[in-house]
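First the structure, in the form of C-alpha cells, and then the observations on it.
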Amino acid sequence: MADLRALFSSNNPAFDAAEAFTDRQRQWALVASALEEHLRRTAAAGFDVEDLEAPRHNLLVFHGVGGVGKSTLLRKIEAALTAAEHRPEQWGAPTWTQPLLPVRIDLSRSASTGSDFERVILTIRLALAGALGRPMPSFDTALRHYWEHTHPGEPLDEYVRRTGLSGRFAEMLPGQLQAGVGEMAAALALPGLVGSTAGQLASALVSALRERQERAQALAGAARTAALLEATPGLEALSYYPHLLAWDLDQLPAKKRLTPVILLDTFEDTADRHRDFERLLQRLVWLMPNAFFVIGGRSRLQWADPALHGQLDWTGPTAWPGLTTTATVPQPRAAAVSGRQHLIGDLSPEDCETHLAHRLVQDGQPLINADIRAAITARSHGLPLHLDLAVSRFLEIRRTGRTPTPQDFDCTFPALLARTLSDLTPEERHLLRSVALLDAFDLDLATQTAGLTQQAPARRLAERPLISENPYALWPYHLHRAIRSAVRDDHHSDDRWTSADWHQAANRARAALGDQWTTTAALGPSRLLLVACLRQGLRLARDHHLTDLGWLIEAAYVYTDDSVWEPLAPPTTTGTGPVPDTPADAVAELLTAIARRQHEHRRRTAERLTAVLDTGLLPTELTEMALYYRAKAYKDLSQNTDARTGMQQVADLQGRLAPKARRGLANRPGRRPRPGLEGPPSPRPGRHPLVPRRHRGRRHRLRSRPYRSRTARRRRRTRHGPGPSRPGPLLRRPRPGRRRARARPPAPERARPALQHPPRPDCRPDQGRRNRRRRRPRPGPACRR
C-alpha cells in the first residue's frame with residue numbers, strides 16, 4: 001500500500017513510497033489465538049446468547065504509548081481478516097474456516113463515526129446490512145421505534161448521508177429496516193401495520209409476545225424483547241438493543257451465520273469524569289457475547305477493578321477474568337501468553353532498520369542510506385511515530401536541494417510531544433516534565449520533585465503506558481526514553497518550561513533524593529540506594545549547574561569508606577577525558593578515578609586526580625579526599641617524597657581523613673636511616689620493600705632450608721645493618737665449624753632393634769648420627785619395612 005503523504009511530498013516520481021509494516025507477529029498470534037478460542041466457545045452446544053451472568057471472554061485489549069502503532073495494527077488486523085491477500089507476509093495463515101465480518105470504528109473525537117454511541121450502533125448495523133443483505137427483525141423494530149421517537153421527521157437515510165456514515169451499504173439500511181417492519185407485521189397477521197409508525201408496531205409486537213403467539217416468538221423470541229420495546233426510547237434503552245442484535249445473529253441459518261469482529265480504536269478518547277460513554281460501550285461488549293471485540297487505547301482497561309462498581313455495570317475479575325492485572329515484568333518470548341490485555345512495545349533496532357529501508361525505495365535500493373538509518377534508529381528508541389516523522393524530515397530536507405546527513409536527525413519532533421500531551425491534564429503535564437529529570441522514580445520521589453502535596457497525580461500518570469514499570473527495581477517507574485528526550489528539548493508547546501523552571505525542579509529533585517537516602521540510611525545502610533542516589537544526584541547537578549552539592553559530599557565519603565567500587569560514570573579508557581567544568585563534574589571525576597584505580601595504572605590515577613585538583617572546582621570538604629588518594633597512588637609508585645608531601649597536606653587540613661594520613665606517614669615505605677649511615681638502598685626489582693630479610697630467613701628455616709635461611713639473614717645484615725638491640729633467636733649467628741650436637745638419651749634407650757633382614761647397600765645404617773643429619777637417598781623397600 002502506497003504512503004500518500006510521502007508520495008505527495010516530492011516531485012521525484014523515481015522512488016516508491018510504501019507504508020512499511022514490520023514486526024507485530026506476536027500481536028497477530030494473540031489475535032488469532034483469542035479468536036480461535038472465541039469461535040470454539042460460541043460453537044459449543046452449551047453456549048447461550050441470552051446468558052447475562054456468564055463471564056465474558058470476547059475481548060482483547062492492546063494498549064501502549066501514543067505513536068507506538070496501535071491504529072496501524074488495528075487497520076492491518078481489519079485488512080487481514082477481510083482478505084488473505086492483505087495479510088502481511090510475516091503473519092501466519094489462520095486456522096479457522098468460519099466467515100468473519102471485521103468492523104473498525106475510530107472512537108477519536110475527531111472522527112465522525114465514533115464520537116457518540118448512536119453512530120457506533122449504526123456503523124455496526126450498516127456493516128451487517130452489507131454482509132447479510134437481510135433484516136434483523138427484533139433489532140430493526142426496536143431501532144425503528146427509537147428513531148421515530150428521538151429523531152421525529154428526519155429520515156434515517158438522510159441522517160446517514162449527513163453524518164458521514166454513507167458507504168456502499170448506506171442505502172441498504174433504510175430498506176432493510178422497512179423490510180423488517182413488514183416481516184414483523186406479516187408475522188403478526190396485521191398487514192395494515194406495514195405503513196404505520198414503529199410505535200404502533202412495537203405495541204402490537206409486545207401484545208403478541210405477552211399472548212405467547214408462536215410466530216411472534218419465532219421472530220422476536222428473546223426473553224427480554226417485550227421489556228425493551230416497552231421501555232421509553234432513548235440513549236439508555238438504545239444501549240441495551242445490542243442484546244436483540246446478538247439474538248438475531250444467533251437465529252440466522254447455518255449457511256448465513258457469521259461472527260462480527262469489532263475493532264474499537266482510540267479508546268482513550270471515551271474517557272470522562274463519569275465514564276458515561278465507556279459504560280455504554282461496555283454494555284455493547286457484554287450484551288453481544290457472540291461477537292469478538294478488539295480494543296486499542298493508551299491505557300489499560302480497568303473493567304476488572306471492583307472499585308469501579310457503580311460507575312460501570314459489570315466489574316471485577318469474575319466478570320472479566322482476562323482483564324485482571326498481572327505482573328509487569330516482561331515474560332520470555334517462548335512463555336505461554338495469558339490474559340487479554342497486552343502492552344504494545346517499541347520496535348527492535350532490527351525492525352526499525354527494516355521499516356526505514358522499505359519505506360522509501362529507488363531503483364530497488366533504500367533511499368535512506370545506512371548511516372542515516374542508524375542515526376534515526378538510535379534516536380527513536382523504537383517508537384514508530386518517531387520513525388514516520390524522521391521520514392517526513394528526510395523528504396523535507398531533500399526538497400530544499402540539500403543532501404541529508406546523520407546530524408540532521410539528532411533531534412526530537414514537536415509533533416511527538418504534542419501527541420503525547422494531548423490527553424494529559426495540566427497537573428499531569430507538570431508532573432511529566434518533573435519526572436523527565438529522573439532516570440527512575442517512585443510515587444514519593446515524583447511527588448516531591450513536582451512540588452506537589454498529594455500522590456494522586458503521580459499514581460494516575462504511572463498508570464499510563466508512557467511510564468514503564470518494573471516492580472522489582474529500586475525505583476519501579478521510568479519514562480519512555482524518546483518521550484523523555486522530547487520533553488526536555490521542548491521549545492514549542494504553549495506551557496513549556498523556562499530555564500529557571502528546570503533549575504528549580506532540579507533543585508527539588510536533588511533535595512528529594514537526599515531526603516530519601518538520609519531517611520533510609522538512618523534505619524540501616526543501603527549500598528544500592530547510595531549508588532543510585534549518587535548517580536542521579538550528580539547528573540542533576542552537572543546538567544543544571546547546581547553549585548550547592550549538599551548531601552552529595554557526605555554521600556561521597558560514605559561511598560569511599562565502604563571500599564566497594566561500583567561505577568558512577570562511564571570510565572575513561574584513553575586520553576585524559578573531558579575537563580570538568582562544574583563542581584558536580586569534578587566530584588564525579590574524583591569518585592570515578594578512585595573507583596577505577598583498581599583497573600588502571602596508578603600513574604593514570606595520579607594524573608586524573610591532579611587534573612581534578614587543578615580545576616579548583618572541588619568543594620573544600622572533598623579536596624582532602626583527592627589529595628589523600630593521590631598520595632596513596634604516589635606511594636604505590638614508590639614516589640615516596642610526593643607521597644609524604646601529600647599525606648602531610650591532608651594531615652595539616654585536620655579533616656576527616658587526617659587520622660588516615662598520619663597513619664600513612666608513620667607507615668611510609670623504607671626505614672629511617674641510622675646516624676652516620678647512608679639511607680637504605682632501593683629495593684631489588686620484584687621484591688616489596690616492606691618485607692625484611694629476616695622474614696625470608698624465618699620462612700626458609702621453617703621449610704627446612706638452613707643454607708637459604710643463613711644467606712637471607714646475612715644479606716639483611718649486610719644491606720640494612722644490625723637488627724634490634726636484643727636479637728632474637730632467628731638473628732643469632734651460628735658458631736663456625738661443626739654444629740653442637742643435641743643432648744642424646746642414654747644408649748640403652750636409643751638402641752635400635754636388630755634388623756630381621758640384611759640391609760641394602762644404599763641404606764648405610766653404619767653412618768649413624770651423621771647419616772641422619774645429612775640429606776640421604778630415599779631408602780629402599782627393605783628399609784621401609
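So you can find residues: chains in the C-alpha cells are A, B, ... in the order shown, residues in each start at 1, and ligands are numbered from 1 in order.
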Selection: 8 Å around segment 239-252 of chain A, only C-alpha atoms, excl. self and same-chain fewer than 2 positions, as a list in words: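 Non-adjacent residues within range: Val49, Glu50, Phe117, Met136, Pro137, Ser138, Phe139, Ala142, Leu143, Ala222, Thr225, Leu228, Leu235, Glu236, Ala237, Ala254, Lys256, Arg257, Leu258, Leu280, Leu281, Arg283, Leu284, Leu287, Met288, Pro289, Asn290 and Ala291 of chain A.
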Test item, alpha helix (DSSP H) assignment across segment 406-546 of chain A, answer as a ChimeraX atom specification: /A:414-420,426-435,443-450,456-462,481-488,499-523,527-543
Surrounding residues of segment 482-496 of chain A excluding itself and chain neighbours under 6 positions, 10 Å, only C-alpha atoms, as a ChimeraX atom specification: /A:65-66,378-383,386,411-418,420-421,426,429-430,432-439,466-467,502
Keeping N, CA and C atoms for every residue in the selection just given, could you write it to a file as a JSON list (two decimals), in the first residue's frame?
[["chain", "number", "residue", "atom", "x", "y", "z"],
["A", 65, "VAL", "N", 1.82, 3.50, 24.42],
["A", 65, "VAL", "CA", 2.03, 4.94, 24.36],
["A", 65, "VAL", "C", 1.59, 5.45, 22.99],
["A", 66, "GLY", "N", 1.20, 6.72, 22.94],
["A", 66, "GLY", "CA", 0.81, 7.31, 21.67],
["A", 66, "GLY", "C", 1.92, 7.30, 20.65],
["A", 378, "ALA", "N", 18.72, 5.00, 16.50],
["A", 378, "ALA", "CA", 19.24, 5.27, 17.84],
["A", 378, "ALA", "C", 18.45, 6.37, 18.55],
["A", 379, "ARG", "N", 18.00, 7.35, 17.80],
["A", 379, "ARG", "CA", 17.27, 8.47, 18.42],
["A", 379, "ARG", "C", 15.82, 8.11, 18.71],
["A", 380, "SER", "N", 15.23, 7.21, 17.93],
["A", 380, "SER", "CA", 13.80, 6.91, 18.08],
["A", 380, "SER", "C", 13.49, 6.03, 19.27],
["A", 381, "HIS", "N", 14.47, 5.23, 19.74],
["A", 381, "HIS", "CA", 14.25, 4.27, 20.83],
["A", 381, "HIS", "C", 13.11, 3.31, 20.49],
["A", 382, "GLY", "N", 12.93, 3.02, 19.20],
["A", 382, "GLY", "CA", 11.93, 2.04, 18.78],
["A", 382, "GLY", "C", 10.52, 2.56, 18.67],
["A", 383, "LEU", "N", 10.29, 3.87, 18.77],
["A", 383, "LEU", "CA", 8.94, 4.43, 18.69],
["A", 383, "LEU", "C", 8.56, 4.64, 17.22],
["A", 386, "HIS", "N", 8.17, 8.26, 15.81],
["A", 386, "HIS", "CA", 9.43, 8.97, 15.56],
["A", 386, "HIS", "C", 10.00, 8.57, 14.20],
["A", 411, "CYS", "N", 17.70, 14.92, 16.75],
["A", 411, "CYS", "CA", 16.77, 15.91, 17.27],
["A", 411, "CYS", "C", 15.48, 15.21, 17.65],
["A", 412, "THR", "N", 14.61, 15.97, 18.30],
["A", 412, "THR", "CA", 13.28, 15.49, 18.63],
["A", 412, "THR", "C", 12.27, 16.24, 17.77],
["A", 413, "PHE", "N", 11.02, 15.78, 17.80],
["A", 413, "PHE", "CA", 9.98, 16.36, 16.96],
["A", 413, "PHE", "C", 8.87, 16.89, 17.85],
["A", 414, "PRO", "N", 8.48, 18.16, 17.65],
["A", 414, "PRO", "CA", 7.38, 18.71, 18.45],
["A", 414, "PRO", "C", 6.07, 17.94, 18.28],
["A", 415, "ALA", "N", 5.85, 17.36, 17.10],
["A", 415, "ALA", "CA", 4.60, 16.62, 16.89],
["A", 415, "ALA", "C", 4.50, 15.41, 17.80],
["A", 416, "LEU", "N", 5.65, 14.80, 18.10],
["A", 416, "LEU", "CA", 5.62, 13.65, 19.01],
["A", 416, "LEU", "C", 5.20, 14.07, 20.41],
["A", 417, "LEU", "N", 5.74, 15.19, 20.89],
["A", 417, "LEU", "CA", 5.37, 15.67, 22.21],
["A", 417, "LEU", "C", 3.92, 16.13, 22.25],
["A", 418, "ALA", "N", 3.46, 16.79, 21.18],
["A", 418, "ALA", "CA", 2.07, 17.26, 21.15],
["A", 418, "ALA", "C", 1.10, 16.10, 21.22],
["A", 420, "THR", "N", 1.75, 13.23, 22.66],
["A", 420, "THR", "CA", 1.86, 12.65, 24.00],
["A", 420, "THR", "C", 1.07, 13.44, 25.02],
["A", 421, "LEU", "N", 1.11, 14.78, 24.91],
["A", 421, "LEU", "CA", 0.47, 15.62, 25.91],
["A", 421, "LEU", "C", -1.00, 15.89, 25.62],
["A", 426, "PRO", "N", -3.43, 19.50, 32.97],
["A", 426, "PRO", "CA", -2.31, 20.41, 33.28],
["A", 426, "PRO", "C", -1.46, 19.92, 34.45],
["A", 429, "ARG", "N", 0.75, 17.17, 33.14],
["A", 429, "ARG", "CA", 1.83, 17.71, 32.29],
["A", 429, "ARG", "C", 2.97, 18.24, 33.15],
["A", 430, "HIS", "N", 2.62, 18.96, 34.20],
["A", 430, "HIS", "CA", 3.65, 19.46, 35.12],
["A", 430, "HIS", "C", 4.42, 18.30, 35.74],
["A", 432, "LEU", "N", 4.79, 15.30, 34.44],
["A", 432, "LEU", "CA", 5.56, 14.63, 33.39],
["A", 432, "LEU", "C", 6.89, 15.34, 33.16],
["A", 433, "ARG", "N", 6.88, 16.65, 33.13],
["A", 433, "ARG", "CA", 8.13, 17.39, 32.94],
["A", 433, "ARG", "C", 9.04, 17.22, 34.16],
["A", 434, "SER", "N", 8.47, 17.10, 35.34],
["A", 434, "SER", "CA", 9.29, 16.93, 36.54],
["A", 434, "SER", "C", 10.00, 15.58, 36.54],
["A", 435, "VAL", "N", 9.28, 14.50, 36.23],
["A", 435, "VAL", "CA", 9.92, 13.17, 36.25],
["A", 435, "VAL", "C", 10.83, 12.97, 35.07],
["A", 436, "ALA", "N", 10.76, 13.85, 34.04],
["A", 436, "ALA", "CA", 11.71, 13.75, 32.93],
["A", 436, "ALA", "C", 13.14, 14.03, 33.39],
["A", 437, "LEU", "N", 13.31, 14.64, 34.56],
["A", 437, "LEU", "CA", 14.64, 14.88, 35.11],
["A", 437, "LEU", "C", 15.27, 13.62, 35.70],
["A", 438, "LEU", "N", 14.47, 12.61, 36.00],
["A", 438, "LEU", "CA", 14.93, 11.44, 36.74],
["A", 438, "LEU", "C", 15.05, 10.24, 35.82],
["A", 439, "ASP", "N", 16.06, 9.43, 36.07],
["A", 439, "ASP", "CA", 16.20, 8.17, 35.33],
["A", 439, "ASP", "C", 15.13, 7.18, 35.76],
["A", 466, "LEU", "N", 3.00, 5.47, 28.80],
["A", 466, "LEU", "CA", 4.28, 6.15, 28.59],
["A", 466, "LEU", "C", 5.21, 6.00, 29.78],
["A", 467, "ILE", "N", 4.69, 5.46, 30.90],
["A", 467, "ILE", "CA", 5.50, 5.14, 32.07],
["A", 467, "ILE", "C", 5.65, 3.63, 32.14],
["A", 502, "TRP", "N", 13.26, 24.73, 35.01],
["A", 502, "TRP", "CA", 14.03, 23.48, 35.04],
["A", 502, "TRP", "C", 15.03, 23.50, 36.20]]
Point-to-point distance in Å for atom CA of Ala661 of chain A and atom CA of Met647 of chain A: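 Between atom CA of Met647 of chain A and atom CA of Ala661 of chain A the gap works out to 5.0 Å.
Across the structure, atom CA of Leu702 of chain A and atom CA of Arg716 of chain A are spaced 17.8 Å apart.
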Non-local contacts of Thr620 of chain A (12 Å; only C-alpha atoms; under 2 positions in same chain excluded) as a ChimeraX atom specification: /A:549,553,583,587,613,616-618,622-627,650,653-656
Close residues, Ala80 of chain A itself excluded, 10 Å, only C-alpha atoms, min 5 positions apart in chain, as a PyMOL selection string: chain A and resi 28+74-75+85-88+91+93-94+102
Selected residues, N, CA, C and O atoms, written as a short mmCIF file (atom, residue, chain, number, x, y, z; two decimals), in the first residue's frame, please.
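Done, and the output landed in again_24.cif:
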data_model
loop_
_atom_site.label_atom_id
_atom_site.label_comp_id
_atom_site.auth_asym_id
_atom_site.auth_seq_id
_atom_site.Cartn_x
_atom_site.Cartn_y
_atom_site.Cartn_z
N TRP A 28 -0.35 -10.43 16.25
CA TRP A 28 -1.23 -11.19 15.37
C TRP A 28 -1.47 -12.59 15.93
O TRP A 28 -2.59 -13.13 15.85
N LEU A 74 -4.45 -2.14 14.23
CA LEU A 74 -5.86 -2.47 14.05
C LEU A 74 -6.27 -2.40 12.59
O LEU A 74 -7.10 -3.21 12.13
N ARG A 75 -5.73 -1.47 11.83
CA ARG A 75 -6.03 -1.43 10.39
C ARG A 75 -5.51 -2.67 9.69
O ARG A 75 -6.17 -3.22 8.79
N GLU A 85 -5.10 -11.76 0.86
CA GLU A 85 -4.03 -11.09 0.15
C GLU A 85 -3.58 -9.81 0.85
O GLU A 85 -2.50 -9.29 0.54
N HIS A 86 -4.37 -9.30 1.77
CA HIS A 86 -4.00 -8.11 2.51
C HIS A 86 -3.24 -8.42 3.79
O HIS A 86 -2.85 -7.50 4.50
N ARG A 87 -3.07 -9.68 4.10
CA ARG A 87 -2.37 -10.06 5.32
C ARG A 87 -0.87 -9.92 5.11
O ARG A 87 -0.34 -10.35 4.08
N PRO A 88 -0.13 -9.28 6.05
CA PRO A 88 1.32 -9.17 5.89
C PRO A 88 2.00 -10.53 5.75
O PRO A 88 1.52 -11.55 6.27
N TRP A 91 2.97 -12.62 8.87
CA TRP A 91 1.91 -13.20 9.68
C TRP A 91 1.51 -14.55 9.10
O TRP A 91 1.36 -14.71 7.89
N ALA A 93 -0.89 -17.89 8.37
CA ALA A 93 -2.28 -18.07 7.94
C ALA A 93 -3.12 -18.57 9.10
O ALA A 93 -2.68 -19.42 9.88
N PRO A 94 -4.36 -18.09 9.25
CA PRO A 94 -5.22 -18.57 10.34
C PRO A 94 -5.73 -19.97 10.07
O PRO A 94 -5.70 -20.47 8.94
N PRO A 102 -15.09 -8.14 9.86
CA PRO A 102 -14.37 -7.11 10.64
C PRO A 102 -15.01 -5.73 10.46
O PRO A 102 -15.32 -5.32 9.33
#
Minimum-distance residue to Val558 of chain A, chosen among A:Pro321, A:Pro525, A:Gly364, A:Pro580 (using only C-alpha atoms):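 Looking only at the distances to Val558 of chain A, the closest residue turns out to be A:Pro525.
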Which of segment 238-380 of chain A fall in strand (DSSP E or B), as JSON, numbers by chain: {"A": [259, 260, 261, 262, 263, 264, 265, 292, 293, 294, 295, 296, 297, 309, 312, 341, 342, 343, 360, 361, 362, 365, 366]}
